[in-house]
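Printed here is data.txt (compact mmCIF, C-alpha atoms):
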# COMPACT_ATOMS: atom_id res chain seq x y z
CA MET O 10 90.60 113.92 105.58
CA ARG O 11 86.93 113.14 105.91
CA GLU O 12 86.28 114.60 102.47
CA HIS O 13 88.73 112.17 100.86
CA THR O 14 87.13 109.24 102.64
CA GLU O 15 83.69 110.28 101.46
CA ILE O 16 84.97 110.14 97.87
CA ILE O 17 87.03 106.96 98.08
CA GLN O 18 84.47 105.07 100.19
CA PRO O 19 86.60 102.34 101.75
CA PRO O 20 84.59 99.42 103.13
CA ARG O 21 84.78 100.58 106.76
CA ALA O 22 86.12 103.85 108.11
CA LEU O 23 86.12 105.43 111.55
CA TRP O 24 86.33 109.21 111.59
CA VAL O 25 88.12 110.68 114.59
CA THR O 26 88.60 114.33 115.51
CA PHE O 27 92.15 114.07 116.83
CA VAL O 28 94.87 116.31 115.46
CA LEU O 29 96.78 115.19 112.39
CA GLY O 30 99.51 112.81 113.46
CA ARG O 31 97.54 111.31 116.35
CA PRO O 32 94.98 108.98 114.75
CA LEU O 33 94.78 106.84 117.89
CA GLY O 34 94.36 109.79 120.23
CA ALA O 35 96.59 110.79 123.11
CA PRO O 36 100.05 109.36 123.74
CA ASN O 37 100.54 107.23 126.85
CA ASP O 38 96.79 106.70 127.18
CA PRO O 39 96.35 102.97 126.54
CA ALA O 40 92.72 102.97 127.64
CA MET O 41 91.76 105.61 125.12
CA GLN O 42 93.77 104.03 122.31
CA THR O 43 92.05 100.73 123.02
CA ARG O 44 88.63 102.38 122.91
CA VAL O 45 89.44 103.83 119.49
CA LEU O 46 90.67 100.47 118.23
CA LYS O 47 87.63 98.64 119.51
CA ALA O 48 85.35 101.18 117.84
CA ALA O 49 87.20 100.63 114.55
CA LEU O 50 87.19 96.85 114.90
CA ALA O 51 83.48 96.89 115.71
CA LEU O 52 82.84 98.09 112.16
CA LEU O 53 83.89 94.63 111.01
CA ASP O 54 80.57 93.30 112.30
CA ALA O 55 78.61 95.29 109.76
CA GLU O 56 76.98 93.23 107.05
CA HIS O 57 76.71 96.00 104.51
CA GLY O 58 78.93 98.88 103.49
CA PRO O 59 80.64 101.18 102.85
CA ILE O 60 80.46 102.62 106.34
CA LEU O 61 81.78 105.93 107.62
CA ALA O 62 81.24 106.08 111.37
CA ASP O 63 82.00 108.93 113.75
CA TYR O 64 84.06 108.30 116.88
CA PRO O 65 82.52 110.48 119.59
CA GLU O 66 85.40 111.00 122.00
CA ARG O 67 87.50 114.14 121.73
CA VAL O 68 90.88 115.05 123.14
CA GLY O 69 91.50 118.51 124.44
CA GLU O 70 94.84 120.03 125.26
CA VAL O 71 95.45 122.76 127.73
CA ASP O 72 98.54 124.91 127.61
CA LEU O 73 100.66 124.25 130.64
CA GLU O 74 100.70 127.46 132.62
CA GLY O 75 104.10 129.01 132.88
CA TRP O 76 105.93 126.30 130.96
CA ALA O 77 109.28 127.38 129.65
CA CYS O 78 112.16 125.27 128.53
CA PRO O 79 114.70 125.55 131.36
CA VAL O 80 117.51 125.54 128.86
CA SER O 81 117.45 129.26 128.38
CA PHE O 82 118.87 130.37 125.12
CA ASP O 83 120.17 133.86 125.71
CA SER O 84 119.40 135.82 122.57
CA LYS O 85 121.91 138.45 123.68
CA ALA O 86 124.80 135.99 123.86
CA PRO O 87 127.64 136.92 121.48
CA GLU O 88 127.30 133.77 119.45
CA CYS O 89 123.74 134.69 118.54
CA ASP O 90 125.20 136.93 115.90
CA ASP O 91 126.47 133.68 114.45
CA LEU O 92 123.53 131.41 113.91
CA SER O 93 125.67 128.34 113.46
CA ALA O 94 127.47 128.90 116.78
CA ALA O 95 124.17 129.52 118.55
CA LEU O 96 122.86 126.26 117.15
CA GLN O 97 125.84 124.28 118.41
CA ARG O 98 125.45 125.86 121.83
CA GLU O 99 121.80 124.91 121.99
CA ILE O 100 122.58 121.32 121.06
CA ARG O 101 125.23 121.12 123.78
CA GLU O 102 122.80 122.45 126.35
CA LEU O 103 120.01 120.11 125.30
CA ALA O 104 122.19 117.00 125.08
CA PRO O 105 121.92 116.01 128.77
CA TRP O 106 118.16 116.44 128.62
CA HIS O 107 118.00 114.27 125.54
CA LEU O 108 119.88 111.53 127.34
CA ARG O 109 117.38 111.86 130.14
CA ALA O 110 114.55 111.62 127.61
CA ILE O 111 115.90 108.33 126.27
CA GLU O 112 116.18 106.96 129.80
CA HIS O 113 112.65 108.02 130.64
CA VAL O 114 110.82 107.08 127.44
CA GLY O 115 113.02 104.13 126.56
CA ARG O 116 113.60 105.26 123.01
CA THR O 117 114.39 108.16 120.75
CA THR O 118 112.98 108.87 117.30
CA VAL O 119 116.20 110.59 116.27
CA GLY O 120 118.32 108.70 113.77
CA VAL O 121 116.86 108.76 110.27
CA SER O 122 119.70 110.90 108.96
CA GLY O 123 122.45 108.79 110.48
CA MET O 124 124.15 112.02 111.56
CA THR O 125 125.10 113.17 115.02
CA MET O 126 123.16 116.28 115.98
CA PRO O 127 126.22 118.57 115.89
CA ASP O 128 126.99 117.26 112.40
CA ALA O 129 123.39 117.62 111.26
CA ALA O 130 123.35 121.22 112.48
CA ARG O 131 126.71 121.91 110.87
CA PHE O 132 125.53 120.38 107.58
CA LEU O 133 122.42 122.56 107.48
CA SER O 134 124.26 125.69 108.66
CA THR O 135 126.72 125.38 105.81
CA TRP O 136 123.89 126.08 103.38
CA LEU O 137 123.55 129.57 104.89
CA ASP O 138 126.63 130.64 102.94
CA ARG O 139 125.14 131.34 99.55
CA SER O 140 128.55 131.76 98.00
CA ALA O 141 129.73 128.29 98.97
CA SER O 142 129.25 125.08 97.07
CA PRO O 143 126.64 122.71 98.45
CA PRO O 144 128.18 120.99 101.46
CA ALA O 145 129.27 117.41 101.46
CA LEU O 146 127.41 115.03 103.68
CA PRO O 147 128.95 114.28 107.07
CA THR O 148 130.92 111.07 107.02
CA ASP O 149 128.55 109.41 109.46
CA ALA O 150 125.51 110.10 107.29
CA LEU O 151 123.82 107.30 105.45
CA VAL O 152 126.05 107.12 102.40
CA THR O 153 123.38 106.70 99.76
CA LEU O 154 121.48 109.88 100.58
CA LYS O 155 120.66 112.49 98.00
CA ALA O 156 121.22 116.06 99.14
CA SER O 157 117.47 116.70 99.42
CA ASP O 158 116.96 113.61 101.55
CA ALA O 159 119.92 114.48 103.77
CA ILE O 160 118.51 117.95 104.30
CA LYS O 161 115.04 116.68 105.17
CA TYR O 162 116.25 113.93 107.47
CA ALA O 163 118.68 116.28 109.26
CA ILE O 164 115.86 118.77 109.80
CA GLU O 165 113.50 116.19 111.27
CA ASP O 166 116.19 114.60 113.43
CA LEU O 167 117.09 117.99 114.91
CA LYS O 168 113.46 118.82 115.60
CA ALA O 169 112.93 115.47 117.29
CA PHE O 170 116.11 115.96 119.34
CA TYR O 171 114.99 119.39 120.53
CA LEU O 172 111.44 118.36 121.38
CA GLU O 173 112.37 115.12 123.08
CA ALA O 174 114.93 117.00 125.18
CA ALA O 175 112.51 119.79 126.08
CA ARG O 176 109.89 117.32 127.25
CA ALA O 177 112.42 115.63 129.52
CA GLN O 178 112.79 118.66 131.74
CA PRO O 179 110.55 119.05 134.82
CA GLY O 180 106.96 119.55 133.73
CA GLY O 181 107.92 119.29 130.09
CA GLU O 182 105.85 116.21 129.50
CA ARG O 183 102.74 118.27 130.18
CA ALA O 184 103.54 121.06 127.72
CA SER O 185 100.92 121.25 125.00
CA MET O 186 101.67 120.60 121.34
CA ALA O 187 101.24 124.31 120.65
CA GLN O 188 103.63 125.30 123.43
CA GLN O 189 106.26 122.91 122.18
CA ALA O 190 105.93 124.13 118.61
CA ASP O 191 105.97 127.79 119.59
CA TRP O 192 109.10 127.25 121.64
CA LEU O 193 110.96 125.46 118.85
CA TRP O 194 109.94 127.81 116.05
CA GLY O 195 109.87 131.05 118.02
CA GLU O 196 112.57 130.82 120.67
CA THR O 197 115.43 128.72 119.34
CA ALA O 198 118.28 129.18 116.93
CA LEU O 199 117.03 126.02 115.22
CA GLY O 200 113.77 127.74 114.37
CA ARG O 201 115.69 130.78 113.12
CA LEU O 202 117.87 128.50 111.01
CA PHE O 203 114.88 127.02 109.24
CA PHE O 204 113.45 130.44 108.40
CA ALA O 205 116.88 131.53 107.17
CA LEU O 206 117.25 128.45 104.99
CA GLN O 207 113.91 128.76 103.26
CA PRO O 208 114.85 131.49 100.76
CA ILE O 209 118.22 129.83 100.17
CA PHE O 210 116.64 126.47 99.42
CA SER O 211 114.14 128.22 97.16
CA GLU O 212 117.01 129.31 94.92
CA GLN O 213 118.65 125.92 94.50
CA ASP O 214 118.93 124.19 91.14
CA ASP O 215 117.77 120.91 92.68
CA PRO O 216 113.96 120.84 92.33
CA LEU O 217 113.64 118.57 95.34
CA ILE O 218 115.42 121.11 97.53
CA ARG O 219 113.15 123.83 96.17
CA TRP O 220 110.22 121.55 97.00
CA ILE O 221 111.45 121.29 100.60
CA ALA O 222 111.48 125.07 100.83
CA ALA O 223 108.02 125.37 99.35
CA ARG O 224 106.18 122.50 101.01
CA THR O 225 107.91 120.77 103.85
CA LEU O 226 110.20 123.13 105.77
CA ILE O 227 107.92 125.58 107.59
CA PRO O 228 104.62 124.26 108.98
CA ALA O 229 101.54 126.19 107.95
CA THR O 230 100.88 126.99 111.62
CA GLN O 231 104.27 128.72 111.93
CA ALA O 232 104.34 130.53 108.58
CA HIS O 233 103.27 133.78 110.26
CA ARG O 234 106.69 134.01 111.87
CA ARG O 235 108.36 134.48 108.48
CA SER O 236 107.61 138.17 108.41
CA CYS O 237 109.12 138.77 111.85
CA SER O 238 111.76 136.07 112.07
CA ASN O 239 115.20 137.07 113.28
CA LEU O 240 117.01 136.28 110.08
CA ARG O 241 120.67 136.75 110.77
CA MET P 1 90.96 109.38 109.28
CA VAL P 2 91.15 112.72 111.03
CA LEU P 3 89.71 116.16 110.64
CA ARG P 4 87.92 118.00 107.90
CA LEU P 5 89.61 120.31 105.42
CA SER P 6 87.84 123.23 107.03
CA GLU P 7 89.75 122.61 110.26
CA LEU P 8 93.14 123.03 108.62
CA ASP P 9 95.18 126.09 107.87
CA PRO P 10 93.71 127.53 104.64
CA ALA P 11 96.90 127.00 102.64
CA GLU P 12 97.16 123.39 103.73
CA ALA P 13 93.45 122.83 103.17
CA LYS P 14 93.78 124.16 99.63
CA HIS P 15 96.72 121.84 98.95
CA LEU P 16 94.98 118.75 100.33
CA GLY P 17 91.66 119.66 98.78
CA ALA P 18 93.28 119.67 95.35
CA ILE P 19 94.42 116.06 95.67
CA LYS P 20 92.71 113.92 93.09
CA CYS P 21 91.33 110.89 94.86
CA PRO P 22 91.37 107.58 93.00
CA SER P 23 88.07 106.14 91.90
CA PHE P 24 87.24 102.46 91.95
CA ALA P 25 84.91 100.48 89.74
CA GLY P 26 83.58 98.35 92.54
CA ARG P 27 82.90 98.50 96.26
CA PRO P 28 84.10 95.15 97.59
CA PHE P 29 82.69 94.28 100.98
CA VAL P 30 83.60 91.07 102.77
CA PRO P 31 80.90 89.53 104.96
CA PRO P 32 81.67 89.67 108.66
CA LYS P 33 83.14 86.89 110.74
CA PRO P 34 83.82 86.83 114.48
CA LEU P 35 86.56 89.18 115.57
CA ASP P 36 88.24 86.48 117.61
CA GLN P 37 88.81 84.49 114.43
CA ARG P 38 90.56 87.31 112.61
CA ARG P 39 94.29 87.64 111.93
CA VAL P 40 95.07 91.34 111.79
CA ALA P 41 97.87 93.33 110.20
CA ILE P 42 98.51 97.03 110.75
CA VAL P 43 99.21 99.14 107.70
CA SER P 44 100.23 102.66 108.62
CA THR P 45 100.95 105.65 106.38
CA ALA P 46 103.08 107.35 109.02
CA GLY P 47 106.30 106.85 107.08
CA LEU P 48 107.73 104.40 109.60
CA GLN P 49 110.80 102.27 109.05
CA ARG P 50 113.25 100.22 111.06
CA ARG P 51 116.30 102.11 112.26
CA GLY P 52 119.07 101.97 109.66
CA GLU P 53 116.75 101.37 106.71
CA ARG P 54 116.44 103.79 103.84
CA GLY P 55 114.01 106.56 104.71
CA PHE P 56 111.02 107.62 102.68
CA ALA P 57 111.49 110.44 100.19
CA HIS P 58 109.31 112.73 98.14
CA GLY P 59 106.88 110.72 96.05
CA ASP P 60 107.79 107.32 97.49
CA GLY P 61 104.98 104.85 96.91
CA ASP P 62 106.60 101.79 98.41
CA TYR P 63 106.36 100.40 101.93
CA ARG P 64 108.59 99.26 104.75
CA VAL P 65 108.21 96.03 106.67
CA ILE P 66 107.89 96.02 110.45
CA PRO P 67 108.10 92.54 111.96
CA VAL P 68 105.69 92.10 114.84
CA ASP P 69 108.48 91.73 117.40
CA THR P 70 110.33 94.92 116.41
CA PRO P 71 111.11 96.97 119.52
CA ALA P 72 109.62 100.45 119.51
CA ALA P 73 113.11 101.88 119.92
CA ASP P 74 114.01 100.43 116.53
CA ILE P 75 111.20 102.21 114.67
CA VAL P 76 111.71 105.73 113.36
CA MET P 77 109.70 108.05 111.13
CA SER P 78 110.73 109.64 107.82
CA HIS P 79 107.40 111.06 106.66
CA VAL P 80 108.05 114.08 104.43
CA SER P 81 105.12 116.25 105.54
CA VAL P 82 105.71 118.99 108.08
CA ASN P 83 102.05 119.69 108.76
CA PHE P 84 101.18 117.09 111.36
CA ASP P 85 102.13 116.58 114.96
CA ARG P 86 105.05 114.24 115.59
CA THR P 87 105.30 114.75 119.32
CA GLY P 88 102.66 112.09 119.93
CA PHE P 89 104.76 109.50 118.07
CA GLN P 90 107.88 110.69 119.88
CA GLN P 91 106.21 109.94 123.21
CA ASP P 92 104.30 106.79 122.30
CA ILE P 93 104.55 104.77 119.09
CA ASN P 94 101.00 103.51 119.55
CA VAL P 95 99.64 106.91 118.56
CA VAL P 96 100.39 106.05 114.92
CA PHE P 97 101.25 102.34 115.09
CA PRO P 98 99.14 100.70 117.81
CA ILE P 99 101.16 97.51 118.00
CA ASP P 100 101.13 97.24 121.79
CA ARG P 101 97.39 97.80 121.97
CA MET P 102 96.80 95.18 119.30
CA LYS P 103 99.05 92.72 121.11
CA GLU P 104 96.95 93.27 124.22
CA LEU P 105 93.78 92.63 122.26
CA ALA P 106 95.29 89.44 120.86
CA ASP P 107 96.37 88.29 124.34
CA ALA P 108 92.86 88.97 125.60
CA LYS P 109 91.50 86.97 122.65
CA VAL P 110 89.46 89.94 121.45
CA ILE P 111 91.08 89.35 118.06
CA GLY P 112 92.23 85.99 116.78
CA GLY P 113 95.84 87.03 116.35
CA LEU P 114 98.36 89.41 114.88
CA ALA P 115 100.19 89.05 111.60
CA SER P 116 103.87 88.25 111.65
CA TYR P 117 104.59 91.39 109.63
CA HIS P 118 103.13 94.87 109.60
CA TYR P 119 103.74 97.64 107.14
CA SER P 120 104.11 101.36 106.66
CA PHE P 121 103.65 103.53 103.62
CA MET P 122 104.33 107.25 103.67
CA GLY P 123 101.12 109.19 103.33
CA ALA P 124 102.35 112.24 101.40
CA MET P 125 102.39 110.80 97.92
CA GLU P 126 100.10 110.51 94.93
CA PRO P 127 97.85 107.54 95.69
CA GLN P 128 98.51 106.02 92.29
CA ALA P 129 102.21 105.86 93.11
CA ALA P 130 101.45 103.26 95.77
CA GLU P 131 99.35 100.96 93.59
CA PRO P 132 102.11 98.55 92.48
CA ALA P 133 103.40 98.17 96.03
CA ALA P 134 99.87 97.88 97.42
CA ARG P 135 99.04 95.07 95.04
CA ALA P 136 102.25 93.25 95.95
CA LEU P 137 101.51 93.80 99.63
CA ALA P 138 98.04 92.30 99.26
CA ARG P 139 99.66 89.09 98.02
CA LEU P 140 102.05 89.08 100.97
CA LEU P 141 99.22 89.59 103.43
CA HIS P 142 97.42 86.65 101.90
CA LYS P 143 100.52 84.49 102.31
CA ASP P 144 100.70 85.57 105.97
CA ALA P 145 97.09 84.37 106.38
CA VAL P 146 95.93 87.90 107.16
CA ASP P 147 92.22 88.42 106.71
CA THR P 148 91.88 91.84 108.33
CA VAL P 149 93.89 95.00 107.85
CA LEU P 150 93.85 97.96 110.21
CA LEU P 151 94.70 100.99 108.08
CA VAL P 152 96.03 103.84 110.21
CA PRO P 153 96.30 107.08 108.23
CA VAL P 154 98.86 109.82 108.88

File written out as structure tokens:
Amino acid sequence: MREHTEIIQPPRALWVTFVLGRPLGAPNDPAMQTRVLKAALALLDAEHGPILADYPERVGEVDLEGWACPVSFDSKAPECDDLSAALQREIRELAPWHLRAIEHVGRTTVGVSGMTMPDAARFLSTWLDRSASPPALPTDALVTLKASDAIKYAIEDLKAFYLEAARAQPGGERASMAQQADWLWGETALGRLFFALQPIFSEQDDPLIRWIAARTLIPATQAHRRSCSNLR
Amino acid sequence: MVLRLSELDPAEAKHLGAIKCPSFAGRPFVPPKPLDQRRVAIVSTAGLQRRGERGFAHGDGDYRVIPVDTPAADIVMSHVSVNFDRTGFQQDINVVFPIDRMKELADAKVIGGLASYHYSFMGAMEPQAAEPAARALARLLHKDAVDTVLLVPV
């Protein structure tokens, strides 16, 4: 945040106006990223400091007209009464697109949890049963994980899986950040799962799981969906 | 760094605005030298690690090492915050860890060279929690003959 930088006063700082998570600007835009880097490196020529310089270039995003994930999750399908089943169905439908994403981009960011996506979904879904004991980690998970870490990593792996897959479909690479987020949080069983888990995690004895519920499960930009989420 | 608090969701702005920033007794400032004589290391706070390594967790103040020749496919993110965009990183690692761009600048002799090792902290932690690791890292950077650090905040 600019305000933090103004207090800390590092020797040289370049302030950019890009969204949080994109300090170098747009993905797959080497020319722009290089311009940002050169502007930052140019601060090294200054003889006196501290310096807080403004980078003038801005990045705008336009919602792609008519974009919709072609993997259509039928909210009237029988398994939608069972959130866990709906989640497994979504993962099956997205899997071929995720393979395509890896081929196209050359990498995936999925993998921190060490779980397969069906196992990650199953692990999180098990928490929906309030009467059950906390679930054991899947056998393919990283064996030293605490429950709170396993939960967080499974959540982020699933989100990455969904978004990488969605962008692999025709036109998906041009969907805006907002469109992608609205699709995941508003139109998928995965989004519904996260809203359903929040009150359950809030009740856990483990303070780190309660912290996940309070601080790092639902983004601030999606919190408005809580009041109208399809909690099933 | 990016954005002002006023541009964030009010709840997030309140949370970040309450963070107590560290204060420093001095304001060290190294005189300039030509860019093409500098050896540069990237230090990100995007919570990056090599695939298979232990991820970052709540409150972690330590760092992970990213050797300069690490393929992008072997770098994943375990940042704990949910309030920043990850789709940029998913599409292009250079959005948060501009290793390819820096390699290009080194090849073009805009900078003198790149460090053998680069590093990532995880930005959602109390700054003081990172001090021991940061001090140790400074010694490592010195051993790697690094004289310039590109700090990329996430």

Report summary line: For P:Gly59, the closest of P:Asn83, P:Gln128, P:Gln90, P:Thr148 counting only C-alpha atoms is P:Gln128

Report task. Identify which of the residues P:Leu3, P:Ile93, P:Ala138, P:Ala11 lies closest to O:Val114, counting only C-alpha atoms when measuring atom-to-atom distances. Result ->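 Smallest distance to O:Val114 is found for P:Ile93.
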
Give me the chain P side of the contact with chain O, cut-off 8 Å, one line per residue showing its nearest atom pair and distance in Å at one decimal, counting only C-alpha atoms, sorted by chain and residue number, as a tab-separated table.
residue	atom	partner	partner_atom	distance
P:Met1	CA	O:Trp24	CA	5.2
P:Val2	CA	O:Val25	CA	5.1
P:Leu3	CA	O:Thr26	CA	5.3
P:Arg4	CA	O:Arg11	CA	5.3
P:Leu5	CA	O:Met10	CA	6.5
P:Asp9	CA	O:Ala229	CA	6.4
P:Ala11	CA	O:Ala229	CA	7.1
P:Glu12	CA	O:Ala229	CA	6.7
P:Cys21	CA	O:Ile17	CA	6.7
P:Pro22	CA	O:Ile17	CA	6.7
P:Ser23	CA	O:Ile17	CA	6.3
P:Phe24	CA	O:Ile17	CA	7.6
P:Arg27	CA	O:Pro20	CA	7.1
P:Pro28	CA	O:Pro20	CA	7.0
P:Phe29	CA	O:Pro20	CA	5.9
P:Pro31	CA	O:Glu56	CA	5.8
P:Pro32	CA	O:Asp54	CA	5.3
P:Lys33	CA	O:Asp54	CA	7.1
P:Pro34	CA	O:Asp54	CA	7.6
P:Leu35	CA	O:Leu53	CA	7.6
P:Ala46	CA	O:Gly30	CA	7.9
P:Arg51	CA	O:Val121	CA	7.0
P:Gly52	CA	O:Val121	CA	7.2
P:Gly55	CA	O:Val121	CA	6.6
P:Ala57	CA	O:Asp158	CA	6.5
P:His58	CA	O:Leu217	CA	7.8
P:Ala72	CA	O:Arg116	CA	7.2
P:Ala73	CA	O:Arg116	CA	4.6
P:Ile75	CA	O:Thr118	CA	7.4
P:Val76	CA	O:Thr118	CA	5.2
P:Met77	CA	O:Thr118	CA	7.0
P:Ser78	CA	O:Val121	CA	6.7
P:Val80	CA	O:Thr225	CA	6.7
P:Ser81	CA	O:Thr225	CA	5.6
P:Val82	CA	O:Thr225	CA	5.1
P:Asn83	CA	O:Pro228	CA	5.2
P:Phe84	CA	O:Leu29	CA	4.9
P:Asp85	CA	O:Gly30	CA	4.8
P:Arg86	CA	O:Gly30	CA	6.1
P:Thr87	CA	O:Met186	CA	7.2
P:Gly88	CA	O:Pro36	CA	5.4
P:Phe89	CA	O:Pro36	CA	7.4
P:Gln90	CA	O:Thr118	CA	6.0
P:Gln91	CA	O:Pro36	CA	6.2
P:Asp92	CA	O:Pro36	CA	5.2
P:Ile93	CA	O:Pro36	CA	7.9
P:Asn94	CA	O:Leu33	CA	7.2
P:Val95	CA	O:Leu33	CA	4.9
P:Val96	CA	O:Arg31	CA	6.2
P:Pro98	CA	O:Leu33	CA	7.5
P:Arg101	CA	O:Thr43	CA	6.2
P:Val152	CA	O:Pro32	CA	6.9
P:Pro153	CA	O:Pro32	CA	6.9
P:Val154	CA	O:Gly30	CA	5.5

Requested in this report: Excluding P:Thr70 and residues on its chain fewer than 4 positions from it, collect all residues at most 12 Å away from it, counting only C-alpha atoms, and give them as an MDAnalysis selection string.
Outcome: chainID P and resid 48:51 65:66 74:76 93 97 99:100 116:119

Can you spit out the residues from that selection as a JSON list (two decimals), in the coordinates of the input, using C-alpha atoms?
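So the final result, stored in again19.json, reads:
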[["chain", "number", "residue", "atom", "x", "y", "z"],
["P", 48, "LEU", "CA", 107.73, 104.40, 109.60],
["P", 49, "GLN", "CA", 110.80, 102.27, 109.05],
["P", 50, "ARG", "CA", 113.25, 100.22, 111.06],
["P", 51, "ARG", "CA", 116.30, 102.11, 112.26],
["P", 65, "VAL", "CA", 108.21, 96.03, 106.67],
["P", 66, "ILE", "CA", 107.89, 96.02, 110.45],
["P", 74, "ASP", "CA", 114.01, 100.43, 116.53],
["P", 75, "ILE", "CA", 111.20, 102.21, 114.67],
["P", 76, "VAL", "CA", 111.71, 105.73, 113.36],
["P", 93, "ILE", "CA", 104.55, 104.77, 119.09],
["P", 97, "PHE", "CA", 101.25, 102.34, 115.09],
["P", 99, "ILE", "CA", 101.16, 97.51, 118.00],
["P", 100, "ASP", "CA", 101.13, 97.24, 121.79],
["P", 116, "SER", "CA", 103.87, 88.25, 111.65],
["P", 117, "TYR", "CA", 104.59, 91.39, 109.63],
["P", 118, "HIS", "CA", 103.13, 94.87, 109.60],
["P", 119, "TYR", "CA", 103.74, 97.64, 107.14]]

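The spacing separating atom CA of O:Trp194 from atom CA of P:Ile19 amounts to 28.2 Å.
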
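Each of O:Ala222, O:Met124, O:Ala62, O:Ala232 was compared to O:Leu167 using only C-alpha atoms, and O:Met124 turns out to be the nearest.
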
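Here atom CA of O:Ala156 and atom CA of P:Gly61 stand 19.9 Å from one another.
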
Query raised in the report: What is the distance, in Å and to one decimal place, between atom CA of O:Leu96 and atom CA of O:Ala130?
Result: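 Interatomic distance here is 6.9 Å.
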
With 3 Å of padding per side, what axis-aligned box (centre and edge lengths, Å, one decimal) covers all the listed atoms of stretch 103-122 of chain P? Give it as JSON.
{"center_x": 97.0, "center_y": 96.6, "center_z": 114.6, "size_x": 21.1, "size_y": 27.3, "size_z": 28.0}

Query raised in the report: Skipping near chain neighbours, those fewer than 4 positions away, what residues fall within 12 Å of P:His142 using only C-alpha atoms, listed as a PyMOL selection string?
Result: chain P and resi 39-41+115-117+135-138+146-149

**Report entry** Selected residue of minimal separation from O:Ala205 among O:Glu102, O:Asp128, O:Asp63, O:Asp138, counting only C-alpha atoms
**Finding:**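 Residue with the minimum atom-to-atom distance to O:Ala205: O:Asp138.
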
Query raised in the report: Using all atoms listed in the file, which residue out of O:Asp215, O:Ala198, O:Ala174, O:Leu133 lies closest to O:Ala94?
Result: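 Among O:Asp215, O:Ala198, O:Ala174, O:Leu133, it is O:Ala198 that comes nearest to O:Ala94.
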
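Minimum atom-to-atom distances from O:Glu15, O:Pro144, O:Ile164, O:Ala95 to P:His79 were compared using all atoms listed in the file, and the lowest value belongs to O:Ile164.
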
Kindly output stretch 180-193 of chain O as an mmCIF file, keeping the file's coordinate frame, after building N, CA and C atoms.
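Once written, part.cif looks like this:
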data_model
loop_
_atom_site.group_PDB
_atom_site.id
_atom_site.type_symbol
_atom_site.label_atom_id
_atom_site.label_comp_id
_atom_site.auth_asym_id
_atom_site.auth_seq_id
_atom_site.Cartn_x
_atom_site.Cartn_y
_atom_site.Cartn_z
ATOM 1 N N GLY O 180 108.210 119.011 134.248
ATOM 2 C CA GLY O 180 106.960 119.550 133.730
ATOM 3 C C GLY O 180 106.835 119.530 132.229
ATOM 4 N N GLY O 181 107.923 119.225 131.550
ATOM 5 C CA GLY O 181 107.920 119.290 130.090
ATOM 6 C C GLY O 181 106.955 118.328 129.447
ATOM 7 N N GLU O 182 106.746 117.202 130.094
ATOM 8 C CA GLU O 182 105.850 116.210 129.500
ATOM 9 C C GLU O 182 104.414 116.690 129.451
ATOM 10 N N ARG O 183 104.096 117.761 130.182
ATOM 11 C CA ARG O 183 102.740 118.270 130.180
ATOM 12 C C ARG O 183 102.590 119.499 129.272
ATOM 13 N N ALA O 184 103.662 119.927 128.648
ATOM 14 C CA ALA O 184 103.540 121.060 127.720
ATOM 15 C C ALA O 184 102.679 120.655 126.545
ATOM 16 N N SER O 185 101.825 121.559 126.103
ATOM 17 C CA SER O 185 100.920 121.250 125.000
ATOM 18 C C SER O 185 101.689 121.199 123.684
ATOM 19 N N MET O 186 101.055 120.646 122.669
ATOM 20 C CA MET O 186 101.670 120.600 121.340
ATOM 21 C C MET O 186 101.980 122.024 120.869
ATOM 22 N N ALA O 187 101.046 122.929 121.104
ATOM 23 C CA ALA O 187 101.240 124.310 120.650
ATOM 24 C C ALA O 187 102.414 124.960 121.374
ATOM 25 N N GLN O 188 102.534 124.721 122.678
ATOM 26 C CA GLN O 188 103.630 125.300 123.430
ATOM 27 C C GLN O 188 104.973 124.776 122.930
ATOM 28 N N GLN O 189 105.019 123.485 122.671
ATOM 29 C CA GLN O 189 106.260 122.910 122.180
ATOM 30 C C GLN O 189 106.640 123.498 120.823
ATOM 31 N N ALA O 190 105.660 123.596 119.947
ATOM 32 C CA ALA O 190 105.930 124.130 118.610
ATOM 33 C C ALA O 190 106.334 125.599 118.675
ATOM 34 N N ASP O 191 105.651 126.360 119.480
ATOM 35 C CA ASP O 191 105.970 127.790 119.590
ATOM 36 C C ASP O 191 107.363 128.006 120.160
ATOM 37 N N TRP O 192 107.751 127.148 121.095
ATOM 38 C CA TRP O 192 109.100 127.250 121.640
ATOM 39 C C TRP O 192 110.139 126.961 120.564
ATOM 40 N N LEU O 193 109.957 125.843 119.843
ATOM 41 C CA LEU O 193 110.960 125.460 118.850
ATOM 42 C C LEU O 193 111.050 126.489 117.732
#
